[in-house]
Every structure is written in structure tokens, then in C-alpha cells.
>>> print(open('coords_34.pdb').read())   # PDB, C-alpha atoms
ATOM      1  CA  MET A   1     -13.181  13.323   6.144
ATOM      2  CA  ALA A   2     -15.308  12.808   3.087
ATOM      3  CA  GLY A   3     -13.577  13.774  -0.109
ATOM      4  CA  HIS A   4     -10.116  13.841   1.448
ATOM      5  CA  PRO A   5      -8.526  10.374   1.508
ATOM      6  CA  ARG A   6      -6.377   8.991   4.285
ATOM      7  CA  PRO A   7      -2.891  10.412   3.728
ATOM      8  CA  THR A   8      -0.220   7.979   2.628
ATOM      9  CA  VAL A   9       3.344   8.234   3.860
ATOM     10  CA  ARG A  10       4.436   9.461   0.429
ATOM     11  CA  ARG A  11       1.823  12.221   0.364
ATOM     12  CA  ARG A  12       2.621  13.276   3.923
ATOM     13  CA  LYS A  13       6.286  13.530   3.011
ATOM     14  CA  LEU A  14       5.493  15.519  -0.120
ATOM     15  CA  GLY A  15       3.287  17.889   1.852
ATOM     16  CA  SER A  16       5.836  18.370   4.605
ATOM     17  CA  GLU A  17       8.533  19.187   2.035
ATOM     18  CA  PHE A  18       6.357  21.847   0.404
ATOM     19  CA  LYS A  19       5.484  23.278   3.815
ATOM     20  CA  ARG A  20       9.174  23.454   4.722
ATOM     21  CA  LEU A  21      10.005  25.168   1.427
ATOM     22  CA  ARG A  22       7.143  27.638   1.771
ATOM     23  CA  GLU A  23       8.114  28.625   5.302
ATOM     24  CA  ALA A  24      11.799  28.889   4.346
ATOM     25  CA  ALA A  25      10.822  31.256   1.528
ATOM     26  CA  GLY A  26       8.628  33.326   3.861
ATOM     27  CA  VAL A  27       5.541  32.803   1.685
ATOM     28  CA  LYS A  28       2.103  32.985   3.325
ATOM     29  CA  MET A  29      -0.462  30.266   2.696
ATOM     30  CA  ASP A  30      -2.822  32.791   1.083
ATOM     31  CA  ASP A  31      -0.151  33.751  -1.468
ATOM     32  CA  ALA A  32       0.611  30.113  -2.221
ATOM     33  CA  ALA A  33      -3.089  29.397  -2.697
ATOM     34  CA  GLU A  34      -3.442  32.335  -5.070
ATOM     35  CA  ARG A  35      -0.546  31.051  -7.205
ATOM     36  CA  ILE A  36      -2.352  27.736  -7.872
ATOM     37  CA  GLY A  37      -5.857  29.188  -8.093
ATOM     38  CA  GLY A  38      -7.050  27.648  -4.842
ATOM     39  CA  ASP A  39      -7.703  28.755  -1.305
ATOM     40  CA  LYS A  40      -5.847  28.572   1.994
ATOM     41  CA  SER A  41      -7.603  25.347   2.983
ATOM     42  CA  LYS A  42      -6.332  23.620  -0.149
ATOM     43  CA  ILE A  43      -2.723  24.480   0.689
ATOM     44  CA  SER A  44      -3.339  23.264   4.233
ATOM     45  CA  ARG A  45      -4.737  19.949   2.974
ATOM     46  CA  GLN A  46      -1.821  19.495   0.602
ATOM     47  CA  GLU A  47       0.747  20.256   3.286
ATOM     48  CA  ASN A  48      -0.752  17.775   5.769
ATOM     49  CA  GLY A  49      -1.084  15.090   3.096
ATOM     50  CA  ARG A  50      -4.883  15.085   2.900
ATOM     51  CA  GLN A  51      -4.891  16.210  -0.714
ATOM     52  CA  GLY A  52      -2.491  15.590  -3.545
ATOM     53  CA  MET A  53      -1.227  18.097  -6.077
ATOM     54  CA  ASN A  54      -0.718  17.862  -9.805
ATOM     55  CA  LYS A  55       2.444  18.521 -11.783
ATOM     56  CA  LEU A  56       1.495  22.100 -12.716
ATOM     57  CA  GLU A  57       0.668  22.996  -9.101
ATOM     58  CA  ALA A  58       3.973  21.537  -7.909
ATOM     59  CA  GLU A  59       5.942  23.480 -10.534
ATOM     60  CA  ALA A  60       4.109  26.725  -9.746
ATOM     61  CA  LEU A  61       4.745  26.433  -6.026
ATOM     62  CA  LEU A  62       8.399  25.524  -6.490
ATOM     63  CA  ASP A  63       8.822  28.609  -8.673
ATOM     64  CA  LEU A  64       7.095  30.741  -6.032
ATOM     65  CA  TYR A  65       9.331  29.328  -3.293
ATOM     66  CA  GLY A  66      12.440  30.002  -5.367
ATOM     67  CA  VAL A  67      13.563  26.355  -5.510
ATOM     68  CA  GLU A  68      16.299  26.069  -8.154
ATOM     69  CA  ASP A  69      17.866  22.740  -7.178
ATOM     70  CA  GLU A  70      16.963  20.640 -10.238
ATOM     71  CA  ARG A  71      17.429  17.363  -8.415
ATOM     72  CA  LEU A  72      15.018  18.366  -5.665
ATOM     73  CA  ARG A  73      12.543  19.863  -8.147
ATOM     74  CA  THR A  74      12.540  16.671 -10.216
ATOM     75  CA  ALA A  75      12.035  14.478  -7.150
ATOM     76  CA  LEU A  76       9.133  16.559  -5.839
ATOM     77  CA  ILE A  77       7.416  16.934  -9.207
ATOM     78  CA  THR A  78       7.761  13.199  -9.858
ATOM     79  CA  MET A  79       6.354  12.411  -6.427
ATOM     80  CA  ALA A  80       3.425  14.771  -7.025
ATOM     81  CA  ARG A  81       2.683  13.225 -10.417
ATOM     82  CA  GLU A  82       2.985   9.621  -9.268
ATOM     83  CA  GLY A  83       1.058  10.317  -6.087
ATOM     84  CA  ARG A  84      -2.044  10.943  -8.197
ATOM     85  CA  ARG A  85      -1.561   7.821 -10.279
ATOM     86  CA  LYS A  86      -3.463   4.732  -9.208
ATOM     87  CA  GLY A  87      -1.308   1.714  -8.474
ATOM     88  CA  TRP A  88      -2.066  -1.782  -9.731
ATOM     89  CA  TRP A  89      -3.606  -2.577  -6.345
ATOM     90  CA  ALA A  90      -6.445  -0.074  -6.903
ATOM     91  CA  GLN A  91      -8.432  -2.802  -8.658
ATOM     92  CA  TYR A  92      -8.503  -4.684  -5.333
ATOM     93  CA  SER A  93      -9.524  -1.705  -3.196
ATOM     94  CA  ASP A  94     -12.887  -3.291  -2.380
ATOM     95  CA  ILE A  95     -11.191  -6.103  -0.444
ATOM     96  CA  LEU A  96      -7.958  -4.475   0.746
ATOM     97  CA  GLN A  97      -7.903  -2.674   4.058
ATOM     98  CA  ALA A  98      -6.469   0.848   3.999
ATOM     99  CA  ARG A  99      -3.399  -0.250   5.992
ATOM    100  CA  LEU A 100      -2.511  -2.860   3.387
ATOM    101  CA  GLU A 101      -2.989  -0.406   0.513
ATOM    102  CA  GLU A 102      -0.605   1.981   2.255
ATOM    103  CA  GLN A 103       1.929  -0.792   2.846
ATOM    104  CA  ILE A 104       1.884  -1.803  -0.828
ATOM    105  CA  SER A 105       2.304   1.826  -1.870
ATOM    106  CA  ILE A 106       5.278   2.258   0.451
ATOM    107  CA  GLU A 107       6.750  -1.049  -0.665
ATOM    108  CA  SER A 108       6.413  -0.324  -4.376
ATOM    109  CA  ASP A 109       8.317   2.975  -4.080
ATOM    110  CA  ALA A 110      11.133   1.820  -1.800
ATOM    111  CA  ALA A 111      14.727   1.713  -2.978
ATOM    112  CA  LYS A 112      15.785  -0.416  -0.006
ATOM    113  CA  ILE A 113      13.863  -2.757   2.285
ATOM    114  CA  LEU A 114      15.260  -4.119   5.546
ATOM    115  CA  ALA A 115      12.967  -6.693   7.122
ATOM    116  CA  PHE A 116      13.048  -8.813  10.252
ATOM    117  CA  GLN A 117      10.461 -11.546  10.711
ATOM    118  CA  SER A 118      10.073 -13.904  13.656
ATOM    119  CA  LEU A 119       6.589 -15.246  12.957
ATOM    120  CA  VAL A 120       5.960 -16.179   9.321
ATOM    121  CA  ILE A 121       7.681 -16.065   5.940
ATOM    122  CA  PRO A 122       7.352 -12.456   4.658
ATOM    123  CA  GLY A 123       4.651 -11.951   2.042
ATOM    124  CA  LEU A 124       7.212 -10.930  -0.585
ATOM    125  CA  PHE A 125       8.648 -14.465  -0.502
ATOM    126  CA  GLN A 126       5.595 -16.622   0.112
ATOM    127  CA  THR A 127       4.461 -19.355  -2.246
ATOM    128  CA  ALA A 128       0.793 -19.270  -3.240
ATOM    129  CA  GLU A 129       0.108 -22.361  -1.107
ATOM    130  CA  TYR A 130       1.796 -20.929   1.989
ATOM    131  CA  ALA A 131       0.070 -17.576   1.433
ATOM    132  CA  THR A 132      -3.302 -19.332   1.225
ATOM    133  CA  GLU A 133      -2.811 -20.873   4.657
ATOM    134  CA  VAL A 134      -1.640 -17.596   6.175
ATOM    135  CA  ILE A 135      -4.468 -15.531   4.699
ATOM    136  CA  ARG A 136      -7.085 -18.066   5.780
ATOM    137  CA  SER A 137      -5.765 -17.846   9.324
ATOM    138  CA  TYR A 138      -5.258 -14.089   9.561
ATOM    139  CA  ASP A 139      -7.770 -12.494   7.216
ATOM    140  CA  LYS A 140     -11.213 -13.445   8.420
ATOM    141  CA  GLY A 141     -12.638 -11.012   5.828
ATOM    142  CA  ALA A 142     -11.830 -13.507   3.077
ATOM    143  CA  SER A 143     -15.271 -15.067   3.406
ATOM    144  CA  SER A 144     -15.488 -16.399  -0.149
ATOM    145  CA  ASP A 145     -13.202 -18.299  -2.492
ATOM    146  CA  GLU A 146     -13.246 -15.282  -4.823
ATOM    147  CA  GLU A 147     -12.004 -12.918  -2.118
ATOM    148  CA  LEU A 148      -9.385 -15.433  -0.984
ATOM    149  CA  ASN A 149      -8.105 -15.846  -4.541
ATOM    150  CA  SER A 150      -7.969 -12.064  -4.982
ATOM    151  CA  LEU A 151      -5.931 -11.624  -1.799
ATOM    152  CA  ILE A 152      -3.538 -14.354  -2.904
ATOM    153  CA  SER A 153      -3.242 -12.659  -6.301
ATOM    154  CA  VAL A 154      -2.335  -9.381  -4.574
ATOM    155  CA  ARG A 155       0.377 -11.117  -2.573
ATOM    156  CA  MET A 156       1.857 -12.777  -5.650
ATOM    157  CA  THR A 157       1.753  -9.538  -7.657
ATOM    158  CA  ARG A 158       3.607  -7.704  -4.884
ATOM    159  CA  GLN A 159       6.549 -10.024  -5.506
ATOM    160  CA  GLU A 160       6.980  -8.642  -9.022
ATOM    161  CA  ILE A 161       8.902  -5.658  -7.626
ATOM    162  CA  PHE A 162      11.985  -7.885  -7.713
ATOM    163  CA  GLN A 163      11.614  -8.279 -11.486
ATOM    164  CA  ARG A 164      11.852  -4.540 -12.140
ATOM    165  CA  VAL A 165      14.942  -2.918 -13.572
ATOM    166  CA  ASN A 166      15.046  -0.709 -10.468
ATOM    167  CA  ALA A 167      14.226  -3.533  -8.055
ATOM    168  CA  PRO A 168      14.747  -2.573  -4.406
ATOM    169  CA  HIS A 169      17.779  -3.772  -2.476
ATOM    170  CA  HIS A 170      16.353  -6.173   0.109
ATOM    171  CA  VAL A 171      17.858  -7.649   3.255
ATOM    172  CA  CYS A 172      15.626 -10.103   5.116
ATOM    173  CA  ILE A 173      16.522 -11.528   8.522
ATOM    174  CA  LEU A 174      14.511 -14.535   9.726
ATOM    175  CA  ASP A 175      14.415 -16.128  13.136
ATOM    176  CA  GLU A 176      14.886 -19.895  12.853
ATOM    177  CA  ALA A 177      11.400 -20.262  14.348
ATOM    178  CA  VAL A 178       9.964 -19.027  11.031
ATOM    179  CA  LEU A 179      11.517 -21.999   9.247
ATOM    180  CA  ARG A 180      10.303 -24.518  11.780
ATOM    181  CA  ARG A 181       6.794 -23.154  12.357
ATOM    182  CA  GLU A 182       4.774 -25.557  10.228
ATOM    183  CA  VAL A 183       2.174 -23.785   8.118
ATOM    184  CA  GLY A 184      -0.035 -25.995   5.946
ATOM    185  CA  GLY A 185       1.924 -29.207   6.414
ATOM    186  CA  PRO A 186       5.402 -30.511   5.535
ATOM    187  CA  GLU A 187       4.924 -30.479   1.752
ATOM    188  CA  ILE A 188       3.941 -26.819   1.693
ATOM    189  CA  MET A 189       6.793 -25.931   4.057
ATOM    190  CA  ALA A 190       9.405 -27.783   1.997
ATOM    191  CA  ALA A 191       8.301 -25.951  -1.159
ATOM    192  CA  GLN A 192       8.268 -22.654   0.723
ATOM    193  CA  LEU A 193      11.810 -23.081   1.974
ATOM    194  CA  ASP A 194      12.901 -24.077  -1.542
ATOM    195  CA  LYS A 195      11.541 -20.738  -2.724
ATOM    196  CA  LEU A 196      13.625 -18.849  -0.158
ATOM    197  CA  ILE A 197      16.732 -20.495  -1.567
ATOM    198  CA  GLU A 198      15.599 -19.784  -5.129
ATOM    199  CA  VAL A 199      15.009 -16.044  -4.638
ATOM    200  CA  SER A 200      18.187 -15.479  -2.645
ATOM    201  CA  ASN A 201      20.461 -13.315  -4.772
ATOM    202  CA  PRO A 202      23.007 -11.473  -2.633
ATOM    203  CA  PRO A 203      23.883  -8.691  -2.393
ATOM    204  CA  LYS A 204      20.702  -7.477  -4.141
ATOM    205  CA  LEU A 205      18.396  -9.814  -2.228
ATOM    206  CA  THR A 206      19.901 -11.264   0.919
ATOM    207  CA  ILE A 207      18.266 -13.743   3.291
ATOM    208  CA  GLN A 208      19.914 -14.586   6.605
ATOM    209  CA  VAL A 209      18.762 -16.657   9.567
ATOM    210  CA  ILE A 210      19.287 -16.177  13.286
ATOM    211  CA  PRO A 211      19.646 -19.721  14.697
ATOM    212  CA  PHE A 212      18.115 -20.848  17.960
ATOM    213  CA  GLY A 213      21.609 -21.244  19.352
ATOM    214  CA  GLN A 214      22.114 -17.499  19.243
ATOM    215  CA  GLY A 215      19.813 -17.075  22.233
ATOM    216  CA  TRP A 216      18.636 -13.532  22.927
ATOM    217  CA  HIS A 217      18.676 -11.006  20.094
ATOM    218  CA  PRO A 218      17.092  -7.548  19.596
ATOM    219  CA  GLY A 219      14.338  -8.953  17.344
ATOM    220  CA  LEU A 220      12.597 -10.819  20.139
ATOM    221  CA  SER A 221      10.344  -7.813  20.692
ATOM    222  CA  GLY A 222       8.699  -8.465  17.329
ATOM    223  CA  PRO A 223       8.982  -8.187  13.527
ATOM    224  CA  TYR A 224       9.365  -4.918  11.643
ATOM    225  CA  THR A 225      10.361  -3.528   8.258
ATOM    226  CA  ILE A 226      12.364  -0.431   7.319
ATOM    227  CA  TYR A 227      11.669   1.181   3.935
ATOM    228  CA  SER A 228      14.159   3.665   2.502
ATOM    229  CA  TYR A 229      13.795   5.952  -0.493
ATOM    230  CA  PRO A 230      16.298   7.587  -2.844
ATOM    231  CA  ASP A 231      17.853  10.964  -2.205
ATOM    232  CA  PRO A 232      17.100  13.821  -2.079
ATOM    233  CA  MET A 233      13.900  12.971  -0.198
ATOM    234  CA  GLU A 234      15.801  10.942   2.425
ATOM    235  CA  LEU A 235      12.563   9.328   3.556
ATOM    236  CA  ASP A 236      12.766   6.302   5.853
ATOM    237  CA  VAL A 237       9.686   4.581   7.259
ATOM    238  CA  VAL A 238       9.395   1.778   9.797
ATOM    239  CA  LYS A 239       6.374  -0.524   9.692
ATOM    240  CA  ILE A 240       5.407  -2.438  12.819
ATOM    241  CA  GLY A 241       2.563  -4.898  12.505
ATOM    242  CA  TYR A 242       0.050  -5.669  15.255
ATOM    243  CA  LEU A 243      -3.110  -7.742  15.553
ATOM    244  CA  ASP A 244      -5.489  -5.374  13.795
ATOM    245  CA  GLY A 245      -3.271  -3.152  11.670
ATOM    246  CA  SER A 246       0.141  -1.590  11.177
ATOM    247  CA  LEU A 247       1.951   1.358  12.712
ATOM    248  CA  PHE A 248       4.176   3.493  10.477
ATOM    249  CA  LEU A 249       6.966   5.481  12.131
ATOM    250  CA  GLU A 250       8.651   8.338  10.271
ATOM    251  CA  GLU A 251      10.401  10.315  13.029
ATOM    252  CA  ASP A 252      14.167  10.303  12.553
ATOM    253  CA  ALA A 253      14.943   9.251  16.128
ATOM    254  CA  ALA A 254      12.545   6.293  16.023
ATOM    255  CA  VAL A 255      13.774   5.143  12.615
ATOM    256  CA  GLU A 256      17.386   5.337  13.778
ATOM    257  CA  ARG A 257      16.674   3.112  16.794
ATOM    258  CA  PHE A 258      15.213   0.434  14.547
ATOM    259  CA  ARG A 259      18.080   0.789  12.097
ATOM    260  CA  LEU A 260      20.635   0.230  14.878
ATOM    261  CA  ALA A 261      18.644  -2.762  16.091
ATOM    262  CA  PHE A 262      18.673  -4.170  12.558
ATOM    263  CA  ASP A 263      22.449  -3.856  12.449
ATOM    264  CA  GLU A 264      22.571  -5.945  15.631
ATOM    265  CA  LEU A 265      20.232  -8.496  14.046
ATOM    266  CA  ARG A 266      22.535  -8.880  11.043
ATOM    267  CA  ALA A 267      25.448  -9.388  13.411
ATOM    268  CA  SER A 268      23.442 -12.088  15.237
ATOM    269  CA  ALA A 269      22.448 -13.882  12.025
ATOM    270  CA  GLN A 270      24.469 -16.534  10.279
ATOM    271  CA  PRO A 271      26.297 -15.489   7.098
ATOM    272  CA  VAL A 272      24.394 -16.021   3.861
ATOM    273  CA  ARG A 273      25.974 -19.358   2.941
ATOM    274  CA  GLN A 274      25.373 -20.905   6.350
ATOM    275  CA  SER A 275      21.859 -19.447   6.444
ATOM    276  CA  LEU A 276      20.957 -21.062   3.123
ATOM    277  CA  GLU A 277      22.418 -24.367   4.297
ATOM    278  CA  LEU A 278      20.227 -24.217   7.409
ATOM    279  CA  ILE A 279      17.188 -23.537   5.213
ATOM    280  CA  ARG A 280      18.118 -26.544   3.017
ATOM    281  CA  THR A 281      18.497 -28.739   6.086
ATOM    282  CA  VAL A 282      15.075 -27.827   7.450
ATOM    283  CA  ALA A 283      13.538 -28.280   3.982
ATOM    284  CA  ARG A 284      14.992 -31.816   3.829
ATOM    285  CA  GLU A 285      13.524 -32.581   7.240
ATOM    286  CA  TYR A 286      10.077 -31.537   5.996
ATOM    287  CA  ARG A 287      10.487 -33.524   2.802
ATOM    288  CA  GLN A 288      11.340 -36.669   4.721
ATOM    289  CA  ARG A 289       7.902 -36.430   6.338
ATOM    290  CA  THR A 290       5.948 -36.142   3.082
TER     291      THR A 290
END
>>> encode(input="coords_34.pdb", output="C-alpha cells")
Amino acid sequence: MAGHPRPTVRRRKLGSEFKRLREAAGVKMDDAAERIGGDKSKISRQENGRQGMNKLEAEALLDLYGVEDERLRTALITMAREGRRKGWWAQYSDILQARLEEQISIESDAAKILAFQSLVIPGLFQTAEYATEVIRSYDKGASSDEELNSLISVRMTRQEIFQRVNAPHHVCILDEAVLRREVGGPEIMAAQLDKLIEVSNPPKLTIQVIPFGQGWHPGLSGPYTIYSYPDPMELDVVKIGYLDGSLFLEEDAAVERFRLAFDELRASAQPVRQSLELIRTVAREYRQRT
């Protein structure tokens, strides 16, 4: 709909919280609209995530709904304020697809990221050279060197979340196939595996590998990522990638199934020390071929 952007997960969550609070307080949409100087359709758009709200609107509605919990008020007001702020990726909006913009937004806000990958090294850990090969293969829209360089720059900038004071806790589980799937040649692969070892910093950033010898494991159905956010919002989102986009799941039951599956994946993976040794071994094998 023109004028009303595609709702992000964060804005949908914000809207659903305000809808829940309004209904719990027994306030009609017309009364809520009057409090912020709008109309019923504006409240509807805000509650379904099609339109954001500013700090003053959030405060006015929370007062109207009788919300006194300071922790919840602060979380909602902060989410409303930051939801209207453009992220660093806005400068690349002309080349980024909407699904990738949403993923970066979700990723940048997360307090915890649980990822399983069976195909390629996750973007958050890719070297520029490895990323170049992946983007050339997957993103046919990168028709010029300028666009390709911009997409690589986006991928590298995403990795800066680990340099923040409030960097997310990250657990990444890789199938051994990811290590042995040669992307760009042995030299690029050796450097890429070196980077995995370099960034590993348990328990804050943990990388584990499920070896071929493990046989069947619950990740064989495909890669996915779980993003979690701080209380009191208690927002968890699962991202599942497919050929032409990504699916984001927010329903509690669906998220819980993926969380239980991730617990099984961690149990199937080698401990951190053995995982890093396997990565070193494969890196040496690549280096012997250079």
C-alpha cells in the first residue's frame, strides 16, 4: 500500500503490544485515536505494524491504557523511537531487497542469535573474498561492480555488531559440509576457515561443528536462525531462507519447535575445542593445495 511501508517484525511486535494493552484497558480505537490527534485508521495501521508511532504518541497511549510498569513503558517507548530511526543500511536501500533489509533490522536488535547452517558460511562470519563468490552466485541483481561492492560492504558492516558494547550472544552450529564445500578455491577457503577460528570467543560467540560421522541430525531439513530480544518484550523470531526470499516465524509454538531442534543440534555437534580443531584440520588441507 502506497505510503505505508512493509511492516518489520519489530513494528509488528510493537503494534501487537499496544493492541493488547488497549484491549486489556477496554479502550476503543476511536478514543485512542482522539488521544493522539489521529483517526481510527491510524490506530489500526499502528497496531498491525503498517505505520510507526513517535515517542509522544507512545507515551500518550500508555497513559491512556493505564500502563504503570516502568520497565515495559521504557521498552515500548524505546522501540517506538528507534523504529522511526533509519538504520545504517538505509543508504543501500536502492540495491537491498526488502527481505534483506528486514533481516538486518532484526539482526541489529537481537540480544541472542542461534544459527544453524548446512550450506555456506553465515554472512556474519564471511571474509570479503568468500562473500564476493557467494554474492556473485546468489544475487543475480549485482549486475555491476559498483552494486557488487556495495553488497559486499553491507555484509562486512553487518559484522560490526560483534564490536558493540552490547554485542549479541551468538551460537553458530555448522554442518561439516559447510567447511568442505569449496567456494572460490582453496586459498579463499583456507582464509575463511582461519576467520572462523579468529572470531570464535566462547561463551559470547560460539562456533561448533556437526561432523559427518554423526549421521542424521535435525538440521538436515535446512538452515535457520533464531533471534531473541531482551525482556520484557520476549520476542523470538525464526528466519528460514528459501530460493527467492526468507520466511519469518513469530508464533510461540513454531519458535519453540525450532528452539528444541537447536538444542538437539548442539547435542549432535562436537564441543568447541574439537570443533575448532576440525576447522583447523580442514584449513590445513586447503592450504596444502594452494
>>> closest_residue(input="coords_34.pdb", among="A:Leu205, A:Ile173, A:Val154, A:Ile121", to="Ile104 (chain A)", atoms="only C-alpha atoms")
A:Val154
>>> residues_around(input="coords_34.pdb", residues="Leu179 (chain A)", least_positions_apart="6", cutoff="8 Å", atoms="only C-alpha atoms", output="list in words")
Ile121, Leu193, Ile279 and Val282 of chain A
>>> residues_around(input="coords_34.pdb", residues="Gly213 (chain A)", least_positions_apart="4", cutoff="12 Å", atoms="only C-alpha atoms", output="PDB file with C-alpha atoms, keeping the file's coordinate frame")
ATOM      1  CA  ASP A 175      14.415 -16.128  13.136  1.00  0.00           C
ATOM      2  CA  GLU A 176      14.886 -19.895  12.853  1.00  0.00           C
ATOM      3  CA  ALA A 177      11.400 -20.262  14.348  1.00  0.00           C
ATOM      4  CA  VAL A 209      18.762 -16.657   9.567  1.00  0.00           C
ATOM      5  CA  HIS A 217      18.676 -11.006  20.094  1.00  0.00           C
ATOM      6  CA  SER A 268      23.442 -12.088  15.237  1.00  0.00           C
ATOM      7  CA  ALA A 269      22.448 -13.882  12.025  1.00  0.00           C
ATOM      8  CA  GLN A 270      24.469 -16.534  10.279  1.00  0.00           C
TER       9      GLN A 270
END
>>> residues_around(input="coords_34.pdb", residues="Arg81 (chain A)", least_positions_apart="2", cutoff="12 Å", atoms="all atoms listed in the file", output="PDB file with C-alpha atoms, in the frame of the given file")
ATOM      1  CA  ARG A  10       4.436   9.461   0.429  1.00  0.00           C
ATOM      2  CA  ARG A  11       1.823  12.221   0.364  1.00  0.00           C
ATOM      3  CA  LEU A  14       5.493  15.519  -0.120  1.00  0.00           C
ATOM      4  CA  GLY A  52      -2.491  15.590  -3.545  1.00  0.00           C
ATOM      5  CA  MET A  53      -1.227  18.097  -6.077  1.00  0.00           C
ATOM      6  CA  ASN A  54      -0.718  17.862  -9.805  1.00  0.00           C
ATOM      7  CA  LYS A  55       2.444  18.521 -11.783  1.00  0.00           C
ATOM      8  CA  LEU A  56       1.495  22.100 -12.716  1.00  0.00           C
ATOM      9  CA  GLU A  57       0.668  22.996  -9.101  1.00  0.00           C
ATOM     10  CA  ALA A  58       3.973  21.537  -7.909  1.00  0.00           C
ATOM     11  CA  GLU A  59       5.942  23.480 -10.534  1.00  0.00           C
ATOM     12  CA  THR A  74      12.540  16.671 -10.216  1.00  0.00           C
ATOM     13  CA  ALA A  75      12.035  14.478  -7.150  1.00  0.00           C
ATOM     14  CA  LEU A  76       9.133  16.559  -5.839  1.00  0.00           C
ATOM     15  CA  ILE A  77       7.416  16.934  -9.207  1.00  0.00           C
ATOM     16  CA  THR A  78       7.761  13.199  -9.858  1.00  0.00           C
ATOM     17  CA  MET A  79       6.354  12.411  -6.427  1.00  0.00           C
ATOM     18  CA  GLY A  83       1.058  10.317  -6.087  1.00  0.00           C
ATOM     19  CA  ARG A  84      -2.044  10.943  -8.197  1.00  0.00           C
ATOM     20  CA  ARG A  85      -1.561   7.821 -10.279  1.00  0.00           C
ATOM     21  CA  LYS A  86      -3.463   4.732  -9.208  1.00  0.00           C
TER      22      LYS A  86
END
>>> closest_residue(input="coords_34.pdb", among="A:Leu151, A:Ala80, A:Leu21, A:Ala90", to="Ala131 (chain A)", atoms="all atoms listed in the file")
A:Leu151
>>> closest_residue(input="coords_34.pdb", among="A:Glu264, A:Val120, A:Gln126, A:Gln274", to="Tyr138 (chain A)", atoms="all atoms listed in the file")
A:Val120
>>> residues_near_point(input="coords_34.pdb", point="(11.2, -0.7, 6.0)", cutoff="12 Å", atoms="only C-alpha atoms", output="PyMOL selection string")
chain A and resi 103-104+106-117+168-172+223-229+235-241+247-250+255-256+258-259+262
>>> atom_distance(input="coords_34.pdb", atom1="CA of Thr206 (chain A)", atom2="CA of Ala267 (chain A)")
13.8 Å
>>> resolve_selection(input="coords_34.pdb", expression="the PyMOL selection byres ((chain A and resi 129) around 10)", output="list in words")
Gln126, Thr127, Ala128, Tyr130, Ala131, Thr132, Glu133, Val134, Ile152, Val183, Gly184, Glu187, Ile188, Met189, Ala191 and Gln192 of chain A
>>> resolve_selection(input="coords_34.pdb", expression="the PyMOL selection byres ((chain A and resi 36-47) around 12)", output="ChimeraX atom specification")
/A:1,3-8,10-23,27-35,48-64,80,83
>>> closest_residue(input="coords_34.pdb", among="A:Ala190, A:Gln214, A:Arg266, A:Arg257", to="Arg280 (chain A)", atoms="all atoms listed in the file")
A:Ala190
>>> closest_residue(input="coords_34.pdb", among="A:Leu174, A:Tyr92, A:Arg136, A:Glu182", to="Thr157 (chain A)", atoms="all atoms listed in the file")
A:Tyr92
>>> closest_residue(input="coords_34.pdb", among="A:Ser137, A:Gln97, A:Ser105, A:Ser118", to="Gly222 (chain A)", atoms="only C-alpha atoms")
A:Ser118
>>> atom_distance(input="coords_34.pdb", atom1="CA of Gly26 (chain A)", atom2="CA of Glu70 (chain A)")
20.7 Å
>>> atom_distance(input="coords_34.pdb", atom1="CA of Ile207 (chain A)", atom2="CA of Val272 (chain A)")
6.6 Å
>>> decode(input="coords_34.pdb", residues="region 160-174 of chain A", atoms="N, CA and C atoms", output="PDB file, in the first residue's frame")
ATOM      1  N   GLU A 160      29.899  -5.804  12.237  1.00  0.00           N
ATOM      2  CA  GLU A 160      30.306  -4.874  13.292  1.00  0.00           C
ATOM      3  C   GLU A 160      29.444  -4.984  14.545  1.00  0.00           C
ATOM      4  N   ILE A 161      28.341  -5.727  14.473  1.00  0.00           N
ATOM      5  CA  ILE A 161      27.512  -5.887  15.683  1.00  0.00           C
ATOM      6  C   ILE A 161      28.298  -6.581  16.792  1.00  0.00           C
ATOM      7  N   PHE A 162      29.317  -7.350  16.423  1.00  0.00           N
ATOM      8  CA  PHE A 162      30.101  -8.049  17.441  1.00  0.00           C
ATOM      9  C   PHE A 162      31.124  -7.139  18.112  1.00  0.00           C
ATOM     10  N   GLN A 163      31.272  -5.920  17.610  1.00  0.00           N
ATOM     11  CA  GLN A 163      32.193  -4.954  18.202  1.00  0.00           C
ATOM     12  C   GLN A 163      31.487  -4.006  19.163  1.00  0.00           C
ATOM     13  N   ARG A 164      30.157  -4.117  19.249  1.00  0.00           N
ATOM     14  CA  ARG A 164      29.396  -3.248  20.133  1.00  0.00           C
ATOM     15  C   ARG A 164      29.560  -3.658  21.586  1.00  0.00           C
ATOM     16  N   VAL A 165      29.350  -2.698  22.460  1.00  0.00           N
ATOM     17  CA  VAL A 165      29.382  -2.996  23.897  1.00  0.00           C
ATOM     18  C   VAL A 165      28.299  -4.012  24.242  1.00  0.00           C
ATOM     19  N   ASN A 166      27.138  -3.876  23.623  1.00  0.00           N
ATOM     20  CA  ASN A 166      26.023  -4.795  23.862  1.00  0.00           C
ATOM     21  C   ASN A 166      25.920  -5.822  22.740  1.00  0.00           C
ATOM     22  N   ALA A 167      27.049  -6.351  22.313  1.00  0.00           N
ATOM     23  CA  ALA A 167      27.064  -7.334  21.228  1.00  0.00           C
ATOM     24  C   ALA A 167      26.177  -8.524  21.571  1.00  0.00           C
ATOM     25  N   PRO A 168      25.467  -9.066  20.579  1.00  0.00           N
ATOM     26  CA  PRO A 168      24.586 -10.204  20.864  1.00  0.00           C
ATOM     27  C   PRO A 168      25.368 -11.460  21.216  1.00  0.00           C
ATOM     28  N   HIS A 169      24.774 -12.279  22.060  1.00  0.00           N
ATOM     29  CA  HIS A 169      25.313 -13.621  22.334  1.00  0.00           C
ATOM     30  C   HIS A 169      24.987 -14.468  21.112  1.00  0.00           C
ATOM     31  N   HIS A 170      25.990 -15.133  20.550  1.00  0.00           N
ATOM     32  CA  HIS A 170      25.782 -15.865  19.297  1.00  0.00           C
ATOM     33  C   HIS A 170      26.290 -17.295  19.427  1.00  0.00           C
ATOM     34  N   VAL A 171      25.432 -18.238  19.051  1.00  0.00           N
ATOM     35  CA  VAL A 171      25.822 -19.636  18.953  1.00  0.00           C
ATOM     36  C   VAL A 171      25.571 -20.072  17.516  1.00  0.00           C
ATOM     37  N   CYS A 172      26.622 -20.526  16.845  1.00  0.00           N
ATOM     38  CA  CYS A 172      26.516 -20.930  15.443  1.00  0.00           C
ATOM     39  C   CYS A 172      26.910 -22.393  15.315  1.00  0.00           C
ATOM     40  N   ILE A 173      25.998 -23.189  14.757  1.00  0.00           N
ATOM     41  CA  ILE A 173      26.257 -24.605  14.515  1.00  0.00           C
ATOM     42  C   ILE A 173      26.413 -24.801  13.007  1.00  0.00           C
ATOM     43  N   LEU A 174      27.527 -25.402  12.602  1.00  0.00           N
ATOM     44  CA  LEU A 174      27.786 -25.662  11.185  1.00  0.00           C
ATOM     45  C   LEU A 174      27.823 -27.158  10.920  1.00  0.00           C
TER      46      LEU A 174
END
